[in-house]
>>> print(open('my_file-v6.csv').read())   # CSV, C-alpha atoms
chain,number,residue,atom,x,y,z
A,489,MET,CA,-30.4,-22.8,46.1
A,490,LYS,CA,-27.8,-24.7,44.3
A,491,LEU,CA,-29.0,-28.1,43.1
A,492,THR,CA,-26.3,-29.1,40.6
A,493,SER,CA,-22.7,-29.4,41.3
A,494,LYS,CA,-20.5,-27.2,39.2
A,495,LYS,CA,-17.7,-29.6,39.5
A,496,MET,CA,-19.6,-32.6,38.1
A,497,SER,CA,-20.7,-30.8,35.0
A,498,ARG,CA,-17.2,-29.9,34.0
A,499,GLY,CA,-15.1,-32.5,32.2
A,500,ALA,CA,-17.8,-35.1,31.9
A,501,ASP,CA,-18.3,-34.3,28.2
A,502,THR,CA,-14.6,-34.2,27.2
A,503,GLU,CA,-14.0,-36.7,24.5
A,504,LEU,CA,-10.9,-37.4,22.4
A,505,GLN,CA,-11.5,-39.0,19.0
A,506,MET,CA,-8.6,-41.4,18.8
A,507,THR,CA,-9.9,-43.6,15.9
A,508,SER,CA,-8.3,-41.6,13.1
A,509,MET,CA,-4.9,-41.4,14.8
A,510,ILE,CA,-4.9,-45.1,15.5
A,511,ASP,CA,-5.8,-45.7,11.9
A,512,VAL,CA,-2.9,-43.6,10.7
A,513,ILE,CA,-0.4,-45.2,13.1
A,514,PHE,CA,-1.4,-48.7,12.1
A,515,LEU,CA,-1.0,-47.7,8.4
A,516,LEU,CA,2.5,-46.3,9.1
A,517,MET,CA,3.4,-49.4,11.1
A,518,ILE,CA,2.3,-51.7,8.3
A,519,PHE,CA,4.2,-49.6,5.7
A,520,PHE,CA,7.5,-49.6,7.6
A,521,LEU,CA,7.2,-53.4,8.4
A,522,VAL,CA,6.6,-54.2,4.7
A,523,THR,CA,9.4,-51.9,3.4
A,524,ALA,CA,11.9,-52.9,6.0
A,525,SER,CA,11.8,-56.5,4.8
A,526,PHE,CA,12.5,-55.5,1.2
A,527,THR,CA,15.3,-53.0,1.8
A,528,THR,CA,18.7,-54.5,1.1
A,529,SER,CA,21.3,-53.3,3.6
A,530,GLU,CA,24.4,-52.0,1.8
A,531,SER,CA,27.7,-51.0,3.4
A,532,GLU,CA,31.0,-49.6,2.0
A,533,LEU,CA,34.6,-50.5,2.0
A,534,GLU,CA,36.8,-47.4,1.7
A,535,THR,CA,40.0,-48.0,-0.1
A,536,ALA,CA,42.9,-46.0,-1.4
A,537,THR,CA,43.8,-46.6,-5.0
A,538,LYS,CA,47.3,-46.7,-6.4
A,539,VAL,CA,47.7,-46.6,-10.1
A,540,ASN,CA,51.4,-46.9,-11.0
A,541,GLU,CA,52.2,-49.1,-13.9
A,542,LYS,CA,55.8,-49.4,-13.1
A,543,THR,CA,55.3,-50.8,-9.5
A,544,SER,CA,52.4,-53.0,-10.6
A,545,SER,CA,54.8,-55.5,-12.0
A,546,SER,CA,55.8,-58.4,-9.7
A,547,GLN,CA,58.3,-56.8,-7.3
A,548,PRO,CA,56.9,-57.5,-3.9
A,549,SER,CA,60.0,-56.5,-2.1
A,550,ASP,CA,59.8,-52.9,-3.3
A,551,LEU,CA,56.4,-52.5,-1.8
A,552,GLU,CA,54.9,-52.7,1.7
A,553,PRO,CA,55.0,-56.2,3.4
A,554,ALA,CA,51.3,-57.2,3.1
A,555,ILE,CA,50.7,-57.5,-0.6
A,556,ILE,CA,47.7,-59.6,-1.6
A,557,GLU,CA,47.4,-60.6,-5.2
A,558,VAL,CA,44.3,-62.1,-6.7
A,559,LYS,CA,45.9,-64.4,-9.3
A,560,GLN,CA,45.2,-67.5,-11.3
A,561,GLY,CA,46.7,-70.6,-9.9
A,562,ASP,CA,45.9,-74.2,-10.6
A,563,GLY,CA,43.2,-73.3,-13.1
A,564,ARG,CA,41.3,-71.0,-10.7
A,565,PHE,CA,41.8,-67.7,-9.0
A,566,VAL,CA,43.4,-67.7,-5.5
A,567,TYR,CA,44.7,-65.2,-3.0
A,568,MET,CA,48.5,-65.0,-3.1
A,569,LEU,CA,50.4,-63.6,-0.2
A,570,GLY,CA,54.0,-63.9,-1.0
A,571,SER,CA,54.4,-67.4,-2.4
A,572,ASN,CA,51.5,-68.8,-0.4
A,573,GLN,CA,48.2,-69.5,-1.9
A,574,TYR,CA,44.9,-69.2,0.0
A,575,ASN,CA,41.5,-70.3,-1.4
A,576,THR,CA,39.1,-68.5,0.9
A,577,HIS,CA,39.2,-65.0,2.3
A,578,ALA,CA,38.7,-66.5,5.8
A,579,GLU,CA,42.1,-68.3,5.4
A,580,LEU,CA,43.6,-65.1,4.1
A,581,GLN,CA,42.2,-63.1,7.0
A,582,ALA,CA,43.6,-65.6,9.5
A,583,VAL,CA,47.1,-65.1,8.1
A,584,LEU,CA,46.8,-61.3,7.8
A,585,GLU,CA,45.8,-61.1,11.5
A,586,GLN,CA,49.3,-62.5,12.3
A,587,PHE,CA,51.1,-59.6,10.6
A,588,PRO,CA,52.9,-57.6,13.3
A,589,ASN,CA,53.1,-54.2,11.6
A,590,LYS,CA,49.7,-53.2,10.5
A,591,SER,CA,50.3,-49.5,10.4
A,592,ASP,CA,52.2,-49.8,7.1
A,593,GLY,CA,49.0,-50.8,5.3
A,594,ALA,CA,48.1,-53.5,2.9
A,595,PHE,CA,47.9,-53.7,-0.8
A,596,VAL,CA,45.4,-55.7,-2.8
A,597,ARG,CA,46.3,-56.2,-6.4
A,598,ALA,CA,44.0,-57.7,-9.0
A,599,SER,CA,44.4,-58.2,-12.7
A,600,ASP,CA,41.6,-57.4,-15.2
A,601,ALA,CA,40.6,-61.1,-15.4
A,602,ALA,CA,40.3,-61.5,-11.6
A,603,PRO,CA,36.8,-61.9,-10.1
A,604,TYR,CA,35.7,-58.6,-8.6
A,605,GLY,CA,34.1,-60.5,-5.7
A,606,MET,CA,37.5,-61.9,-4.7
A,607,ALA,CA,39.2,-58.5,-4.9
A,608,ALA,CA,36.5,-57.0,-2.6
A,609,ALA,CA,36.8,-59.9,-0.2
A,610,ALA,CA,40.6,-59.4,-0.1
A,611,ILE,CA,40.1,-55.8,0.9
A,612,GLN,CA,37.5,-56.8,3.5
A,613,ALA,CA,40.0,-59.4,4.9
A,614,ALA,CA,42.7,-56.8,5.2
A,615,LYS,CA,40.3,-54.3,6.8
A,616,SER,CA,38.9,-56.9,9.2
A,617,SER,CA,42.5,-57.9,10.2
A,618,GLY,CA,43.2,-54.4,11.5
A,619,PHE,CA,45.2,-52.8,8.7
A,620,GLN,CA,44.6,-49.1,8.9
A,621,VAL,CA,45.1,-48.3,5.2
A,622,VAL,CA,44.2,-50.8,2.5
A,623,SER,CA,45.1,-49.8,-1.1
A,624,TYR,CA,43.8,-51.3,-4.2
A,625,VAL,CA,46.2,-51.6,-7.1
A,626,PRO,CA,45.0,-52.5,-10.6
A,627,LEU,CA,47.5,-55.1,-11.7
A,628,ILE,CA,48.8,-54.7,-15.2
A,629,GLU,CA,50.1,-58.0,-16.5
A,630,ASN,CA,52.7,-58.0,-19.2
B,1071,MET,CA,-39.2,-21.9,39.6
B,1072,LYS,CA,-35.8,-21.6,37.9
B,1073,LEU,CA,-33.1,-23.0,40.2
B,1074,SER,CA,-30.0,-23.1,38.0
B,1075,LYS,CA,-28.7,-20.7,35.4
B,1076,PRO,CA,-28.8,-22.3,31.9
B,1077,LYS,CA,-25.3,-22.8,30.7
B,1078,SER,CA,-24.1,-23.0,27.2
B,1079,ARG,CA,-22.7,-26.6,26.9
B,1080,HIS,CA,-19.3,-26.4,25.3
B,1081,VAL,CA,-17.8,-29.8,24.4
B,1082,PRO,CA,-14.1,-29.5,24.1
B,1083,GLU,CA,-12.8,-31.5,21.0
B,1084,MET,CA,-9.4,-32.1,19.6
B,1085,ASP,CA,-9.3,-31.6,15.9
B,1086,LEU,CA,-7.0,-34.3,14.5
B,1087,THR,CA,-7.3,-33.3,10.9
B,1088,PRO,CA,-4.1,-31.1,10.8
B,1089,MET,CA,-2.1,-33.8,12.5
B,1090,ILE,CA,-3.3,-36.4,10.0
B,1091,ASP,CA,-2.4,-34.0,7.2
B,1092,ILE,CA,1.1,-33.5,8.6
B,1093,VAL,CA,1.6,-37.3,9.1
B,1094,PHE,CA,0.6,-38.0,5.5
B,1095,MET,CA,2.9,-35.2,4.2
B,1096,LEU,CA,5.8,-36.7,6.2
B,1097,LEU,CA,5.0,-40.2,4.8
B,1098,ILE,CA,5.0,-38.9,1.2
B,1099,PHE,CA,8.2,-37.1,1.9
B,1100,ILE,CA,9.9,-40.2,3.3
B,1101,ILE,CA,8.7,-42.3,0.4
B,1102,THR,CA,9.9,-39.8,-2.1
B,1103,VAL,CA,13.4,-39.5,-0.5
B,1104,MET,CA,13.7,-43.2,-0.4
B,1105,ARG,CA,12.9,-43.5,-4.1
B,1106,VAL,CA,15.4,-40.8,-5.0
B,1107,SER,CA,18.2,-42.3,-2.9
B,1108,GLU,CA,17.6,-45.7,-4.5
B,1109,ALA,CA,17.3,-44.4,-8.0
B,1110,ASN,CA,21.1,-44.5,-8.5
B,1111,ARG,CA,21.4,-48.1,-7.4
B,1112,GLU,CA,21.1,-50.6,-10.2
B,1113,PRO,CA,20.0,-54.2,-9.3
B,1114,LEU,CA,23.1,-56.2,-9.2
B,1115,ASP,CA,24.8,-58.9,-7.0
B,1116,LEU,CA,27.1,-57.0,-4.7
B,1117,PRO,CA,29.9,-59.0,-2.9
B,1118,GLU,CA,28.5,-60.5,0.3
B,1119,LEU,CA,30.7,-58.8,2.9
B,1120,VAL,CA,30.2,-57.0,6.2
B,1121,GLY,CA,31.8,-53.8,4.9
B,1122,GLU,CA,33.3,-51.0,7.0
B,1123,LYS,CA,31.0,-48.0,7.2
B,1124,GLU,CA,27.5,-46.8,6.4
B,1125,GLN,CA,26.7,-45.9,2.9
B,1126,SER,CA,27.2,-42.3,2.1
B,1127,THR,CA,24.4,-40.4,0.5
B,1128,THR,CA,26.3,-37.6,-1.2
B,1129,ALA,CA,28.4,-39.5,-3.6
B,1130,VAL,CA,28.7,-40.3,-7.3
B,1131,VAL,CA,27.5,-43.9,-7.6
B,1132,VAL,CA,29.1,-45.8,-10.4
B,1133,ASN,CA,27.3,-49.0,-11.1
B,1134,ILE,CA,29.3,-51.6,-13.0
B,1135,MET,CA,27.1,-54.4,-14.4
B,1136,LEU,CA,28.0,-58.0,-15.0
B,1137,ASP,CA,28.7,-57.4,-18.7
B,1138,GLY,CA,31.1,-54.5,-17.8
B,1139,SER,CA,28.8,-51.7,-18.7
B,1140,ILE,CA,28.9,-48.5,-16.6
B,1141,ILE,CA,25.7,-47.0,-15.4
B,1142,VAL,CA,25.5,-43.6,-13.6
B,1143,SER,CA,22.1,-42.1,-12.7
B,1144,ASN,CA,20.3,-44.7,-14.8
B,1145,ASN,CA,22.3,-43.8,-17.9
B,1146,GLN,CA,24.7,-46.1,-19.6
B,1147,ILE,CA,27.9,-44.2,-20.1
B,1148,ASP,CA,31.5,-44.9,-21.2
B,1149,LEU,CA,34.8,-43.9,-19.5
B,1150,GLY,CA,34.9,-40.6,-21.4
B,1151,ASP,CA,31.4,-39.6,-20.1
B,1152,LEU,CA,32.4,-40.7,-16.6
B,1153,ALA,CA,35.4,-38.4,-16.8
B,1154,ILE,CA,33.2,-35.5,-17.7
B,1155,ILE,CA,30.8,-36.3,-14.8
B,1156,ILE,CA,33.6,-36.6,-12.3
B,1157,SER,CA,35.2,-33.4,-13.6
B,1158,ASN,CA,32.0,-31.5,-13.0
B,1159,GLU,CA,31.8,-32.9,-9.5
B,1160,ILE,CA,35.4,-31.7,-8.8
B,1161,ILE,CA,34.5,-28.2,-10.1
B,1162,LYS,CA,31.4,-28.3,-7.8
B,1163,MET,CA,33.8,-29.1,-4.9
B,1164,GLU,CA,36.0,-26.1,-5.5
B,1165,ASN,CA,38.5,-28.1,-7.6
B,1166,ASP,CA,39.3,-30.4,-4.7
B,1167,PRO,CA,39.3,-34.0,-5.9
B,1168,ASP,CA,39.6,-35.3,-2.3
B,1169,ARG,CA,36.1,-34.0,-1.5
B,1170,VAL,CA,34.5,-36.0,-4.3
B,1171,GLN,CA,33.1,-39.3,-3.0
B,1172,VAL,CA,32.9,-42.1,-5.5
B,1173,VAL,CA,31.1,-45.3,-4.7
B,1174,ILE,CA,31.7,-48.2,-7.0
B,1175,ARG,CA,28.9,-50.8,-7.1
B,1176,GLY,CA,30.3,-53.8,-8.9
B,1177,ASP,CA,28.8,-57.2,-9.6
B,1178,THR,CA,30.5,-59.9,-7.5
B,1179,ASN,CA,30.4,-62.3,-10.4
B,1180,GLY,CA,32.0,-59.9,-12.9
B,1181,THR,CA,35.7,-59.4,-13.5
B,1182,CYS,CA,37.9,-56.5,-12.3
B,1183,LYS,CA,38.4,-55.1,-15.8
B,1184,THR,CA,35.9,-52.3,-15.8
B,1185,GLU,CA,36.6,-51.5,-12.1
B,1186,ASN,CA,40.3,-51.2,-12.9
B,1187,ASP,CA,39.6,-49.0,-15.9
B,1188,VAL,CA,37.3,-46.8,-13.8
B,1189,ILE,CA,39.9,-46.5,-11.0
B,1190,LYS,CA,42.6,-45.6,-13.5
B,1191,GLN,CA,40.3,-43.0,-15.0
B,1192,LEU,CA,39.6,-41.6,-11.5
B,1193,ALA,CA,43.3,-41.5,-10.7
B,1194,GLN,CA,44.0,-39.4,-13.8
B,1195,LEU,CA,41.4,-36.9,-12.4
B,1196,GLY,CA,43.2,-36.9,-9.0
B,1197,ILE,CA,40.8,-39.1,-7.1
B,1198,SER,CA,42.8,-41.6,-5.1
B,1199,ARG,CA,40.1,-42.9,-2.8
B,1200,VAL,CA,37.0,-44.9,-3.7
B,1201,ARG,CA,34.3,-46.7,-1.8
B,1202,LEU,CA,33.2,-50.2,-2.8
B,1203,ALA,CA,29.6,-51.0,-2.1
B,1204,VAL,CA,29.0,-54.4,-0.5
B,1205,HIS,CA,25.9,-56.3,0.6
B,1206,VAL,CA,25.8,-57.0,4.3
B,1207,PRO,CA,24.8,-60.6,4.8
B,1208,GLU,CA,21.6,-61.2,6.8
>>> encode(input="my_file-v6.csv", output="structure tokens")
Amino acid sequence: MKLTSKKMSRGADTELQMTSMIDVIFLLMIFFLVTASFTTSESELETATKVNEKTSSSQPSDLEPAIIEVKQGDGRFVYMLGSNQYNTHAELQAVLEQFPNKSDGAFVRASDAAPYGMAAAAIQAAKSSGFQVVSYVPLIEN
Amino acid sequence: MKLSKPKSRHVPEMDLTPMIDIVFMLLIFIITVMRVSEANREPLDLPELVGEKEQSTTAVVVNIMLDGSIIVSNNQIDLGDLAIIISNEIIKMENDPDRVQVVIRGDTNGTCKTENDVIKQLAQLGISRVRLAVHVPE
């Protein structure tokens, strides 16, 4: 005579100890939350470099049309595009966006005394304006 | 009277110990890799710009501090030392300078003098493309 059900006895004692796994997952989650807030996000601006002392002198007509120079004007450094001065890289970008031929590339020229932040911003403005190739030219002043 | 056959009670258990071991190993690995990848980055104020592409991991990182000093792999070097480092990298890349990726991390408040000198030095070695590191604004 069968008094106990075979089916009932199976599976009733199956237990899964989830405590350790939950502990680890929470630790990982806390770790990633904490580190994520302290990690600084860096990006890159890829630029070609042109080092040619002869063409670095002020002869804009010999070079490609979009030539941005970081120069000292009125006691502070400004962006020069041709004879026009721009104080911020947003103004510069707005003008660069109007350039019809962007496939020829843009040139950013900065002298040794120019602020590096402005030179990088000029490259960013040209890249954001759609210029396919942006070249950086160290400007050698005579 | 014995009605049922005594059964050996086998309780199935999942052993989580190996999984926890592996998770901890992965955690230690990730932390170590993060530390190594950040070892080449000196704390400086990068230009606040959106940038163009993700930062490459296999590159020579040239840190240019506010005072114009050059730091590569936590060592302060001069342009001559930089030329040796880059030359070795070019040799590693089968004498193809185009395959050597150089990232310049310059302080936004500094001048372009050292950056210009570094770029001229790189140009002498045949490297005509550089990547400028920027800090993406929040």
>>> residues_around(input="my_file-v6.csv", residues="Ser591 of chain A", least_positions_apart="6", cutoff="12 Å", atoms="all atoms listed in the file", output="ChimeraX atom specification")
/A:552-554,614-615,617-622
>>> closest_residue(input="my_file-v6.csv", among="A:Leu504, A:Leu521, A:Ala598, A:Ile510", to="Ile611 of chain A", atoms="only C-alpha atoms")
A:Ala598
>>> atom_distance(input="my_file-v6.csv", atom1="atom CA of Ile1100 of chain B", atom2="atom CA of Leu516 of chain A")
11.2 Å
>>> atom_distance(input="my_file-v6.csv", atom1="atom CA of Pro603 of chain A", atom2="atom CA of Gln586 of chain A")
25.7 Å
>>> interface_residues(input="my_file-v6.csv", of="chain A", to="chain B", cutoff="7 Å", atoms="all atoms listed in the file", output="list in words")
Met489, Lys490, Asp501, Thr502, Glu503, Leu504, Ser529, Glu530, Ser531, Glu532, Leu533, Glu534, Thr535, Ala536, Thr537, Lys538, Val539, Ser599, Asp600, Ala601, Ala602, Pro603, Tyr604, Gly605, Ala608, Ala609, Gln612 and Pro626 of chain A
>>> atom_distance(input="my_file-v6.csv", atom1="atom CA of Ile1141 of chain B", atom2="atom CA of Ser1157 of chain B")
16.7 Å
>>> closest_residue(input="my_file-v6.csv", among="A:Ser508, A:Phe595, A:Ala610, A:Val583", to="Val566 of chain A", atoms="only C-alpha atoms")
A:Ala610
>>> closest_residue(input="my_file-v6.csv", among="A:Arg597, A:Val512, A:Thr507, A:Thr576", to="Ile1092 of chain B", atoms="only C-alpha atoms")
A:Val512
>>> closest_residue(input="my_file-v6.csv", among="B:Leu1114, B:Ala1153, B:Met1135, B:Met1095", to="Gly1196 of chain B", atoms="all atoms listed in the file")
B:Ala1153
>>> closest_residue(input="my_file-v6.csv", among="B:Asn1158, B:Pro1088, B:Leu1136, B:Met1104", to="Phe520 of chain A", atoms="all atoms listed in the file")
B:Met1104
>>> closest_residue(input="my_file-v6.csv", among="B:Ile1101, B:Asp1166, B:Ala1129, B:Asn1110", to="Val1142 of chain B", atoms="all atoms listed in the file")
B:Asn1110
>>> build_atoms(input="my_file-v6.csv", residues="segment 1153-1173 of chain B", atoms="N, CA, C and O atoms", output="short mmCIF file (atom, residue, chain, number, x, y, z; two decimals), keeping the file's coordinate frame")
data_model
loop_
_atom_site.label_atom_id
_atom_site.label_comp_id
_atom_site.auth_asym_id
_atom_site.auth_seq_id
_atom_site.Cartn_x
_atom_site.Cartn_y
_atom_site.Cartn_z
N ALA B 1153 34.44 -39.44 -17.04
CA ALA B 1153 35.40 -38.40 -16.80
C ALA B 1153 34.80 -37.02 -16.73
O ALA B 1153 35.13 -36.19 -15.87
N ILE B 1154 33.84 -36.78 -17.63
CA ILE B 1154 33.20 -35.50 -17.70
C ILE B 1154 32.33 -35.29 -16.38
O ILE B 1154 32.36 -34.22 -15.76
N ILE B 1155 31.60 -36.36 -15.99
CA ILE B 1155 30.80 -36.30 -14.80
C ILE B 1155 31.62 -35.99 -13.55
O ILE B 1155 31.31 -35.12 -12.74
N ILE B 1156 32.72 -36.73 -13.46
CA ILE B 1156 33.60 -36.60 -12.30
C ILE B 1156 34.25 -35.18 -12.30
O ILE B 1156 34.37 -34.53 -11.26
N SER B 1157 34.64 -34.73 -13.49
CA SER B 1157 35.20 -33.40 -13.60
C SER B 1157 34.27 -32.33 -13.11
O SER B 1157 34.66 -31.38 -12.40
N ASN B 1158 33.00 -32.47 -13.49
CA ASN B 1158 32.00 -31.50 -13.00
C ASN B 1158 31.82 -31.54 -11.53
O ASN B 1158 31.63 -30.51 -10.89
N GLU B 1159 31.90 -32.76 -10.97
CA GLU B 1159 31.80 -32.90 -9.50
C GLU B 1159 32.98 -32.21 -8.83
O GLU B 1159 32.82 -31.58 -7.78
N ILE B 1160 34.16 -32.37 -9.42
CA ILE B 1160 35.40 -31.70 -8.80
C ILE B 1160 35.22 -30.22 -8.86
O ILE B 1160 35.56 -29.53 -7.90
N ILE B 1161 34.68 -29.71 -9.98
CA ILE B 1161 34.50 -28.20 -10.10
C ILE B 1161 33.48 -27.79 -8.99
O ILE B 1161 33.69 -26.76 -8.36
N LYS B 1162 32.43 -28.61 -8.79
CA LYS B 1162 31.40 -28.30 -7.80
C LYS B 1162 32.09 -28.21 -6.37
O LYS B 1162 31.67 -27.46 -5.50
N MET B 1163 33.09 -29.07 -6.17
CA MET B 1163 33.80 -29.10 -4.90
C MET B 1163 34.98 -28.22 -4.81
O MET B 1163 35.99 -28.55 -4.17
N GLU B 1164 34.92 -27.12 -5.52
CA GLU B 1164 36.00 -26.10 -5.50
C GLU B 1164 37.32 -26.67 -5.94
O GLU B 1164 38.35 -26.41 -5.30
N ASN B 1165 37.30 -27.48 -6.97
CA ASN B 1165 38.50 -28.10 -7.60
C ASN B 1165 39.33 -28.90 -6.57
O ASN B 1165 40.55 -28.96 -6.67
N ASP B 1166 38.64 -29.50 -5.62
CA ASP B 1166 39.30 -30.40 -4.70
C ASP B 1166 38.87 -31.81 -4.88
O ASP B 1166 37.79 -32.21 -4.43
N PRO B 1167 39.68 -32.62 -5.57
CA PRO B 1167 39.30 -34.00 -5.90
C PRO B 1167 39.04 -34.85 -4.64
O PRO B 1167 38.26 -35.81 -4.66
N ASP B 1168 39.73 -34.51 -3.54
CA ASP B 1168 39.60 -35.30 -2.30
C ASP B 1168 38.19 -35.22 -1.71
O ASP B 1168 37.80 -36.08 -0.91
N ARG B 1169 37.47 -34.18 -2.07
CA ARG B 1169 36.10 -34.00 -1.50
C ARG B 1169 35.06 -34.75 -2.31
O ARG B 1169 33.90 -34.80 -1.90
N VAL B 1170 35.45 -35.28 -3.47
CA VAL B 1170 34.50 -36.00 -4.30
C VAL B 1170 34.45 -37.46 -3.85
O VAL B 1170 35.48 -38.14 -3.86
N GLN B 1171 33.29 -37.90 -3.41
CA GLN B 1171 33.10 -39.30 -3.00
C GLN B 1171 32.58 -40.11 -4.13
O GLN B 1171 31.53 -39.77 -4.67
N VAL B 1172 33.31 -41.17 -4.47
CA VAL B 1172 32.90 -42.10 -5.50
C VAL B 1172 32.60 -43.43 -4.96
O VAL B 1172 33.47 -44.01 -4.30
N VAL B 1173 31.41 -43.93 -5.18
CA VAL B 1173 31.10 -45.30 -4.70
C VAL B 1173 30.98 -46.18 -5.97
O VAL B 1173 30.27 -45.85 -6.93
#
